[in-house]
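So this block is structure.cif, mmCIF, N, CA and C atoms:
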```
data_protein
#
loop_
_atom_site.label_atom_id
_atom_site.label_comp_id
_atom_site.auth_asym_id
_atom_site.auth_seq_id
_atom_site.Cartn_x
_atom_site.Cartn_y
_atom_site.Cartn_z
N MET A 9 0.84 -1.17 0.00
CA MET A 9 0.00 0.00 0.00
C MET A 9 0.89 1.24 0.00
N LYS A 10 0.49 2.22 -0.81
CA LYS A 10 1.24 3.49 -0.87
C LYS A 10 0.37 4.58 -0.27
N LEU A 11 1.00 5.41 0.55
CA LEU A 11 0.33 6.53 1.20
C LEU A 11 0.90 7.82 0.64
N THR A 12 0.02 8.73 0.28
CA THR A 12 0.44 10.06 -0.16
C THR A 12 -0.09 11.08 0.82
N VAL A 13 0.80 11.94 1.32
CA VAL A 13 0.42 13.02 2.22
C VAL A 13 0.69 14.33 1.49
N VAL A 14 -0.34 15.16 1.42
CA VAL A 14 -0.23 16.48 0.77
C VAL A 14 -0.33 17.54 1.86
N SER A 15 0.62 18.47 1.85
CA SER A 15 0.58 19.55 2.83
C SER A 15 0.83 20.88 2.14
N PRO A 16 -0.08 21.83 2.30
CA PRO A 16 0.21 23.18 1.81
C PRO A 16 1.26 23.84 2.71
N VAL A 17 2.08 24.66 2.11
CA VAL A 17 3.11 25.39 2.85
C VAL A 17 3.00 26.85 2.46
N TYR A 18 2.90 27.72 3.45
CA TYR A 18 2.82 29.16 3.17
C TYR A 18 3.66 29.90 4.20
N ASN A 19 4.70 30.56 3.72
CA ASN A 19 5.60 31.34 4.58
C ASN A 19 6.00 30.53 5.82
N ALA A 20 6.54 29.35 5.57
CA ALA A 20 6.86 28.43 6.66
C ALA A 20 8.30 27.93 6.56
N GLU A 21 9.20 28.77 6.06
CA GLU A 21 10.57 28.32 5.86
C GLU A 21 11.21 27.76 7.13
N ASN A 22 10.84 28.28 8.27
CA ASN A 22 11.46 27.85 9.52
C ASN A 22 10.94 26.51 10.04
N ILE A 23 9.85 26.01 9.47
CA ILE A 23 9.30 24.75 9.98
C ILE A 23 9.23 23.63 8.96
N VAL A 24 9.65 23.87 7.73
CA VAL A 24 9.55 22.82 6.70
C VAL A 24 10.35 21.59 7.11
N ALA A 25 11.57 21.75 7.55
CA ALA A 25 12.39 20.59 7.93
C ALA A 25 11.75 19.81 9.08
N ASN A 26 11.22 20.52 10.06
CA ASN A 26 10.56 19.87 11.19
C ASN A 26 9.28 19.16 10.74
N LEU A 27 8.51 19.80 9.87
CA LEU A 27 7.30 19.19 9.33
C LEU A 27 7.63 17.87 8.63
N VAL A 28 8.63 17.90 7.78
CA VAL A 28 9.04 16.69 7.05
C VAL A 28 9.47 15.60 8.02
N GLU A 29 10.29 15.95 8.98
CA GLU A 29 10.78 14.97 9.97
C GLU A 29 9.61 14.34 10.73
N GLN A 30 8.69 15.16 11.20
CA GLN A 30 7.57 14.62 11.97
C GLN A 30 6.64 13.77 11.11
N LEU A 31 6.41 14.18 9.87
CA LEU A 31 5.57 13.38 8.99
C LEU A 31 6.20 12.03 8.68
N ILE A 32 7.49 12.03 8.39
CA ILE A 32 8.18 10.77 8.10
C ILE A 32 8.15 9.86 9.32
N ASN A 33 8.41 10.41 10.50
CA ASN A 33 8.36 9.60 11.72
C ASN A 33 6.98 8.99 11.93
N SER A 34 5.96 9.78 11.72
CA SER A 34 4.59 9.29 11.90
C SER A 34 4.25 8.22 10.87
N ILE A 35 4.60 8.46 9.63
CA ILE A 35 4.28 7.51 8.57
C ILE A 35 5.02 6.19 8.76
N THR A 36 6.29 6.27 9.09
CA THR A 36 7.07 5.03 9.24
C THR A 36 6.66 4.23 10.47
N SER A 37 5.95 4.87 11.39
CA SER A 37 5.48 4.13 12.56
C SER A 37 4.20 3.34 12.25
N ILE A 38 3.60 3.60 11.10
CA ILE A 38 2.40 2.86 10.70
C ILE A 38 2.85 1.60 9.97
N SER A 39 2.63 0.46 10.57
CA SER A 39 3.17 -0.78 10.02
C SER A 39 2.50 -1.23 8.73
N VAL A 40 1.31 -0.72 8.42
CA VAL A 40 0.61 -1.18 7.21
C VAL A 40 1.05 -0.43 5.95
N VAL A 41 1.85 0.61 6.10
CA VAL A 41 2.28 1.40 4.95
C VAL A 41 3.60 0.85 4.41
N ASP A 42 3.56 0.40 3.15
CA ASP A 42 4.77 -0.12 2.52
C ASP A 42 5.60 0.99 1.87
N ASP A 43 4.89 1.96 1.31
CA ASP A 43 5.56 3.03 0.58
C ASP A 43 4.79 4.32 0.81
N PHE A 44 5.48 5.44 0.69
CA PHE A 44 4.81 6.72 0.89
C PHE A 44 5.51 7.81 0.10
N GLU A 45 4.79 8.92 -0.06
CA GLU A 45 5.37 10.12 -0.63
C GLU A 45 4.76 11.32 0.09
N LEU A 46 5.54 12.36 0.19
CA LEU A 46 5.08 13.62 0.75
C LEU A 46 5.08 14.65 -0.37
N ILE A 47 3.96 15.31 -0.55
CA ILE A 47 3.89 16.37 -1.55
C ILE A 47 3.67 17.68 -0.80
N LEU A 48 4.66 18.55 -0.87
CA LEU A 48 4.60 19.85 -0.21
C LEU A 48 4.31 20.90 -1.27
N VAL A 49 3.24 21.64 -1.07
CA VAL A 49 2.80 22.62 -2.07
C VAL A 49 3.05 24.03 -1.53
N ASP A 50 4.00 24.73 -2.15
CA ASP A 50 4.28 26.11 -1.78
C ASP A 50 3.18 26.98 -2.38
N ASP A 51 2.37 27.54 -1.52
CA ASP A 51 1.19 28.31 -1.94
C ASP A 51 1.51 29.80 -2.04
N GLY A 52 2.51 30.11 -2.85
CA GLY A 52 2.86 31.51 -3.10
C GLY A 52 3.59 32.20 -1.97
N SER A 53 4.41 31.45 -1.25
CA SER A 53 5.16 32.02 -0.13
C SER A 53 6.05 33.16 -0.58
N THR A 54 6.26 34.11 0.33
CA THR A 54 7.16 35.23 0.04
C THR A 54 8.49 35.09 0.78
N ASP A 55 8.65 33.99 1.51
CA ASP A 55 9.92 33.73 2.20
C ASP A 55 10.66 32.62 1.45
N GLU A 56 11.53 31.91 2.11
CA GLU A 56 12.33 30.87 1.47
C GLU A 56 11.73 29.46 1.63
N SER A 57 10.41 29.39 1.76
CA SER A 57 9.76 28.08 1.89
C SER A 57 10.08 27.17 0.71
N TRP A 58 10.05 27.71 -0.50
CA TRP A 58 10.32 26.89 -1.68
C TRP A 58 11.74 26.33 -1.64
N GLY A 59 12.69 27.12 -1.22
CA GLY A 59 14.07 26.64 -1.10
C GLY A 59 14.17 25.50 -0.09
N GLU A 60 13.44 25.60 1.00
CA GLU A 60 13.44 24.54 2.01
C GLU A 60 12.77 23.27 1.47
N ILE A 61 11.72 23.44 0.69
CA ILE A 61 11.07 22.28 0.07
C ILE A 61 12.03 21.60 -0.90
N LYS A 62 12.73 22.39 -1.71
CA LYS A 62 13.70 21.82 -2.65
C LYS A 62 14.80 21.08 -1.91
N LYS A 63 15.31 21.66 -0.81
CA LYS A 63 16.34 20.98 -0.02
C LYS A 63 15.85 19.64 0.48
N ALA A 64 14.64 19.62 1.00
CA ALA A 64 14.07 18.38 1.53
C ALA A 64 13.91 17.34 0.42
N SER A 65 13.50 17.78 -0.76
CA SER A 65 13.30 16.83 -1.86
C SER A 65 14.63 16.29 -2.40
N TYR A 66 15.69 17.08 -2.32
CA TYR A 66 17.01 16.59 -2.73
C TYR A 66 17.53 15.54 -1.76
N LYS A 67 17.20 15.69 -0.48
CA LYS A 67 17.66 14.75 0.54
C LYS A 67 16.87 13.45 0.53
N ASN A 68 15.62 13.50 0.10
CA ASN A 68 14.76 12.32 0.18
C ASN A 68 13.87 12.26 -1.06
N GLU A 69 14.01 11.22 -1.84
CA GLU A 69 13.26 11.10 -3.09
C GLU A 69 11.75 10.91 -2.87
N LYS A 70 11.35 10.62 -1.65
CA LYS A 70 9.93 10.45 -1.35
C LYS A 70 9.22 11.80 -1.17
N ILE A 71 9.98 12.87 -1.16
CA ILE A 71 9.41 14.21 -0.98
C ILE A 71 9.38 14.91 -2.33
N LYS A 72 8.19 15.39 -2.68
CA LYS A 72 8.00 16.11 -3.93
C LYS A 72 7.55 17.53 -3.59
N GLY A 73 7.84 18.46 -4.47
CA GLY A 73 7.43 19.84 -4.25
C GLY A 73 6.68 20.39 -5.44
N ILE A 74 5.71 21.21 -5.16
CA ILE A 74 4.96 21.95 -6.18
C ILE A 74 5.00 23.41 -5.76
N LYS A 75 5.27 24.28 -6.72
CA LYS A 75 5.31 25.72 -6.42
C LYS A 75 4.21 26.40 -7.22
N LEU A 76 3.24 26.97 -6.52
CA LEU A 76 2.17 27.71 -7.18
C LEU A 76 2.65 29.13 -7.48
N SER A 77 2.11 29.71 -8.53
CA SER A 77 2.57 31.03 -9.00
C SER A 77 2.22 32.17 -8.05
N ARG A 78 1.19 31.95 -7.24
CA ARG A 78 0.79 32.96 -6.25
C ARG A 78 0.00 32.24 -5.16
N ASN A 79 -0.44 32.98 -4.17
CA ASN A 79 -1.22 32.39 -3.09
C ASN A 79 -2.65 32.18 -3.56
N PHE A 80 -3.04 30.90 -3.63
CA PHE A 80 -4.39 30.54 -4.04
C PHE A 80 -5.23 30.08 -2.85
N GLY A 81 -4.61 29.84 -1.71
CA GLY A 81 -5.33 29.34 -0.54
C GLY A 81 -5.09 27.85 -0.37
N GLN A 82 -5.30 27.39 0.86
CA GLN A 82 -4.95 26.01 1.20
C GLN A 82 -5.77 24.98 0.44
N HIS A 83 -7.02 25.27 0.13
CA HIS A 83 -7.85 24.28 -0.58
C HIS A 83 -7.34 24.03 -2.00
N ILE A 84 -6.99 25.08 -2.68
CA ILE A 84 -6.43 24.95 -4.04
C ILE A 84 -5.07 24.28 -3.96
N ALA A 85 -4.27 24.62 -2.95
CA ALA A 85 -2.95 24.00 -2.80
C ALA A 85 -3.07 22.50 -2.59
N VAL A 86 -4.00 22.08 -1.74
CA VAL A 86 -4.20 20.64 -1.52
C VAL A 86 -4.70 19.98 -2.81
N THR A 87 -5.61 20.63 -3.51
CA THR A 87 -6.10 20.08 -4.77
C THR A 87 -4.97 19.92 -5.77
N ALA A 88 -4.08 20.90 -5.85
CA ALA A 88 -2.93 20.81 -6.76
C ALA A 88 -2.07 19.60 -6.39
N GLY A 89 -1.86 19.38 -5.10
CA GLY A 89 -1.09 18.23 -4.66
C GLY A 89 -1.77 16.93 -4.99
N LEU A 90 -3.08 16.86 -4.82
CA LEU A 90 -3.83 15.64 -5.15
C LEU A 90 -3.80 15.38 -6.65
N ASP A 91 -3.86 16.43 -7.46
CA ASP A 91 -3.79 16.27 -8.92
C ASP A 91 -2.45 15.71 -9.36
N LYS A 92 -1.40 16.05 -8.62
CA LYS A 92 -0.05 15.55 -8.94
C LYS A 92 -0.03 14.05 -8.74
#
```
Structure translated into structure tokens:
Amino acid sequence: MKLTVVSPVYNAENIVANLVEQLINSITSISVVDDFELILVDDGSTDESWGEIKKASYKNEKIKGIKLSRNFGQHIAVTAGLDK
């Protein structure tokens, strides 16, 4: 079974690494999950959130990033991640 977690990110450069770490710890503690991916959607951040998402994706191939052209809101960001 594969699990996909989608999380919108907005002006959260200081917590992206912690978010990724906590999500991975939580997912790997679920014994029924064989495979997983994290999709982090930068919802038009004005800080370095996108750079932090890129760093995380370079370190771990299970992490994917999507960068929206502007802030569309969390619902659109989650939908973009689900479409991916």
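Closest approach to A:Val13 among A:Thr36, A:Leu46, A:Val28, A:Ile61 is made by A:Leu46 (distances from only C-alpha atoms).
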Box dimensions and centre (Å, one decimal) enclosing stretch 11-15 of chain A, axis-aligned, 3 Å extra per side, as lines of an AutoDock Vina configuration file:
```
center_x = 0.3
center_y = 13.1
center_z = 1.3
size_x = 7.3
size_y = 21.5
size_z = 9.0
```
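You will find atom CA of A:Asn33 at 21.7 Å from atom CA of A:Asp50.
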Inset, instruction - Figure out the distance between atom CA of A:Gln30 and atom CA of A:Arg78, please, to one decimal in Å. - result: 26.7 Å
Inset, instruction - Apply DSSP to the structure's backbone, then extract all residues of chain A labelled strand (DSSP E or B) and return them as a PyMOL selection string. - result: chain A and resi 10-17+43-50+71-75
Legend entry - Nearest to A:Leu48, chosen from A:Lys10, A:Ile35, A:Gly73, A:Val86, with all atoms listed in the file counted in the distances: A:Gly73
Legend entry - Å distance separating atom CA of A:Asp51 from atom CA of A:Val24, one decimal place: 13.2 Å
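Distances to A:Ser53 were evaluated for A:Ala88, A:Ile32, A:Val41, A:Leu76 using all atoms listed in the file, and the minimum falls at A:Leu76.
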Legend entry - Shell of 5 Å around A:Ser57, only N, CA and C atoms, local chain residues under 3 positions omitted, as a PyMOL selection string: chain A and resi 20-21+60-61
Would you mind exporting N, CA and C atoms of the selected residues as a PDB file, in the coordinates of the input?
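Below is the file that was written, part21.pdb:
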```pdb
ATOM      1  N   ALA A  20       6.540  29.350   5.570  1.00  0.00           N
ATOM      2  CA  ALA A  20       6.860  28.430   6.660  1.00  0.00           C
ATOM      3  C   ALA A  20       8.300  27.930   6.560  1.00  0.00           C
ATOM      4  N   GLU A  21       9.200  28.770   6.060  1.00  0.00           N
ATOM      5  CA  GLU A  21      10.570  28.320   5.860  1.00  0.00           C
ATOM      6  C   GLU A  21      11.210  27.760   7.130  1.00  0.00           C
ATOM      7  N   GLU A  60      13.440  25.600   1.000  1.00  0.00           N
ATOM      8  CA  GLU A  60      13.440  24.540   2.010  1.00  0.00           C
ATOM      9  C   GLU A  60      12.770  23.270   1.470  1.00  0.00           C
ATOM     10  N   ILE A  61      11.720  23.440   0.690  1.00  0.00           N
ATOM     11  CA  ILE A  61      11.070  22.280   0.070  1.00  0.00           C
ATOM     12  C   ILE A  61      12.030  21.600  -0.900  1.00  0.00           C
TER      13      ILE A  61
END
```
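Close contacts of A:Gly81, defined as residues with an atom at most 9 Å away when counting only C-alpha atoms, with chain neighbours fewer than 2 positions off set aside, comprise Pro16, Tyr18, Asp51, Gly52, Asn79, His83, Ile84, Ala85 and Val86 of chain A.
The residues caught by the PyMOL selection byres ((chain A and resi 9) around 8) in this file are Lys10, Leu11, Thr12, Val40, Val41, Asp42, Asp43 and Phe44 of chain A.
With only N, CA and C atoms as the atoms that count, the residue of A:Ser15, A:Asn22, A:Glu45, A:Leu27 with the shortest distance to A:Lys70 is A:Glu45.
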Inset, instruction - Could you please write out, as number ranges by chain, every residue of chain A that DSSP assigns to helix (DSSP H, G or I)? - result: A: 24-36, 57-67, 82-91
Based on the selection just made, write N, CA and C atoms of those residues as a compact mmCIF listing (two decimals), in the coordinates of the input.
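What ended up in again11.txt:
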```txt
# COMPACT_ATOMS: atom_id res chain seq x y z
N VAL A 24 9.65 23.87 7.73
CA VAL A 24 9.55 22.82 6.70
C VAL A 24 10.35 21.59 7.11
N ALA A 25 11.57 21.75 7.55
CA ALA A 25 12.39 20.59 7.93
C ALA A 25 11.75 19.81 9.08
N ASN A 26 11.22 20.52 10.06
CA ASN A 26 10.56 19.87 11.19
C ASN A 26 9.28 19.16 10.74
N LEU A 27 8.51 19.80 9.87
CA LEU A 27 7.30 19.19 9.33
C LEU A 27 7.63 17.87 8.63
N VAL A 28 8.63 17.90 7.78
CA VAL A 28 9.04 16.69 7.05
C VAL A 28 9.47 15.60 8.02
N GLU A 29 10.29 15.95 8.98
CA GLU A 29 10.78 14.97 9.97
C GLU A 29 9.61 14.34 10.73
N GLN A 30 8.69 15.16 11.20
CA GLN A 30 7.57 14.62 11.97
C GLN A 30 6.64 13.77 11.11
N LEU A 31 6.41 14.18 9.87
CA LEU A 31 5.57 13.38 8.99
C LEU A 31 6.20 12.03 8.68
N ILE A 32 7.49 12.03 8.39
CA ILE A 32 8.18 10.77 8.10
C ILE A 32 8.15 9.86 9.32
N ASN A 33 8.41 10.41 10.50
CA ASN A 33 8.36 9.60 11.72
C ASN A 33 6.98 8.99 11.93
N SER A 34 5.96 9.78 11.72
CA SER A 34 4.59 9.29 11.90
C SER A 34 4.25 8.22 10.87
N ILE A 35 4.60 8.46 9.63
CA ILE A 35 4.28 7.51 8.57
C ILE A 35 5.02 6.19 8.76
N THR A 36 6.29 6.27 9.09
CA THR A 36 7.07 5.03 9.24
C THR A 36 6.66 4.23 10.47
N SER A 57 10.41 29.39 1.76
CA SER A 57 9.76 28.08 1.89
C SER A 57 10.08 27.17 0.71
N TRP A 58 10.05 27.71 -0.50
CA TRP A 58 10.32 26.89 -1.68
C TRP A 58 11.74 26.33 -1.64
N GLY A 59 12.69 27.12 -1.22
CA GLY A 59 14.07 26.64 -1.10
C GLY A 59 14.17 25.50 -0.09
N GLU A 60 13.44 25.60 1.00
CA GLU A 60 13.44 24.54 2.01
C GLU A 60 12.77 23.27 1.47
N ILE A 61 11.72 23.44 0.69
CA ILE A 61 11.07 22.28 0.07
C ILE A 61 12.03 21.60 -0.90
N LYS A 62 12.73 22.39 -1.71
CA LYS A 62 13.70 21.82 -2.65
C LYS A 62 14.80 21.08 -1.91
N LYS A 63 15.31 21.66 -0.81
CA LYS A 63 16.34 20.98 -0.02
C LYS A 63 15.85 19.64 0.48
N ALA A 64 14.64 19.62 1.00
CA ALA A 64 14.07 18.38 1.53
C ALA A 64 13.91 17.34 0.42
N SER A 65 13.50 17.78 -0.76
CA SER A 65 13.30 16.83 -1.86
C SER A 65 14.63 16.29 -2.40
N TYR A 66 15.69 17.08 -2.32
CA TYR A 66 17.01 16.59 -2.73
C TYR A 66 17.53 15.54 -1.76
N LYS A 67 17.20 15.69 -0.48
CA LYS A 67 17.66 14.75 0.54
C LYS A 67 16.87 13.45 0.53
N GLN A 82 -5.30 27.39 0.86
CA GLN A 82 -4.95 26.01 1.20
C GLN A 82 -5.77 24.98 0.44
N HIS A 83 -7.02 25.27 0.13
CA HIS A 83 -7.85 24.28 -0.58
C HIS A 83 -7.34 24.03 -2.00
N ILE A 84 -6.99 25.08 -2.68
CA ILE A 84 -6.43 24.95 -4.04
C ILE A 84 -5.07 24.28 -3.96
N ALA A 85 -4.27 24.62 -2.95
CA ALA A 85 -2.95 24.00 -2.80
C ALA A 85 -3.07 22.50 -2.59
N VAL A 86 -4.00 22.08 -1.74
CA VAL A 86 -4.20 20.64 -1.52
C VAL A 86 -4.70 19.98 -2.81
N THR A 87 -5.61 20.63 -3.51
CA THR A 87 -6.10 20.08 -4.77
C THR A 87 -4.97 19.92 -5.77
N ALA A 88 -4.08 20.90 -5.85
CA ALA A 88 -2.93 20.81 -6.76
C ALA A 88 -2.07 19.60 -6.39
N GLY A 89 -1.86 19.38 -5.10
CA GLY A 89 -1.09 18.23 -4.66
C GLY A 89 -1.77 16.93 -4.99
N LEU A 90 -3.08 16.86 -4.82
CA LEU A 90 -3.83 15.64 -5.15
C LEU A 90 -3.80 15.38 -6.65
N ASP A 91 -3.86 16.43 -7.46
CA ASP A 91 -3.79 16.27 -8.92
C ASP A 91 -2.45 15.71 -9.36
```
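Closest approach to A:Gly89 among A:Gly59, A:Asn26, A:Val14, A:Asn68 is made by A:Val14 (distances from only C-alpha atoms).
Minimum atom-to-atom distance to A:Trp58, evaluated using only N, CA and C atoms, belongs to A:Asn19 out of A:Asn19, A:Ser77, A:Ser37, A:Thr87.
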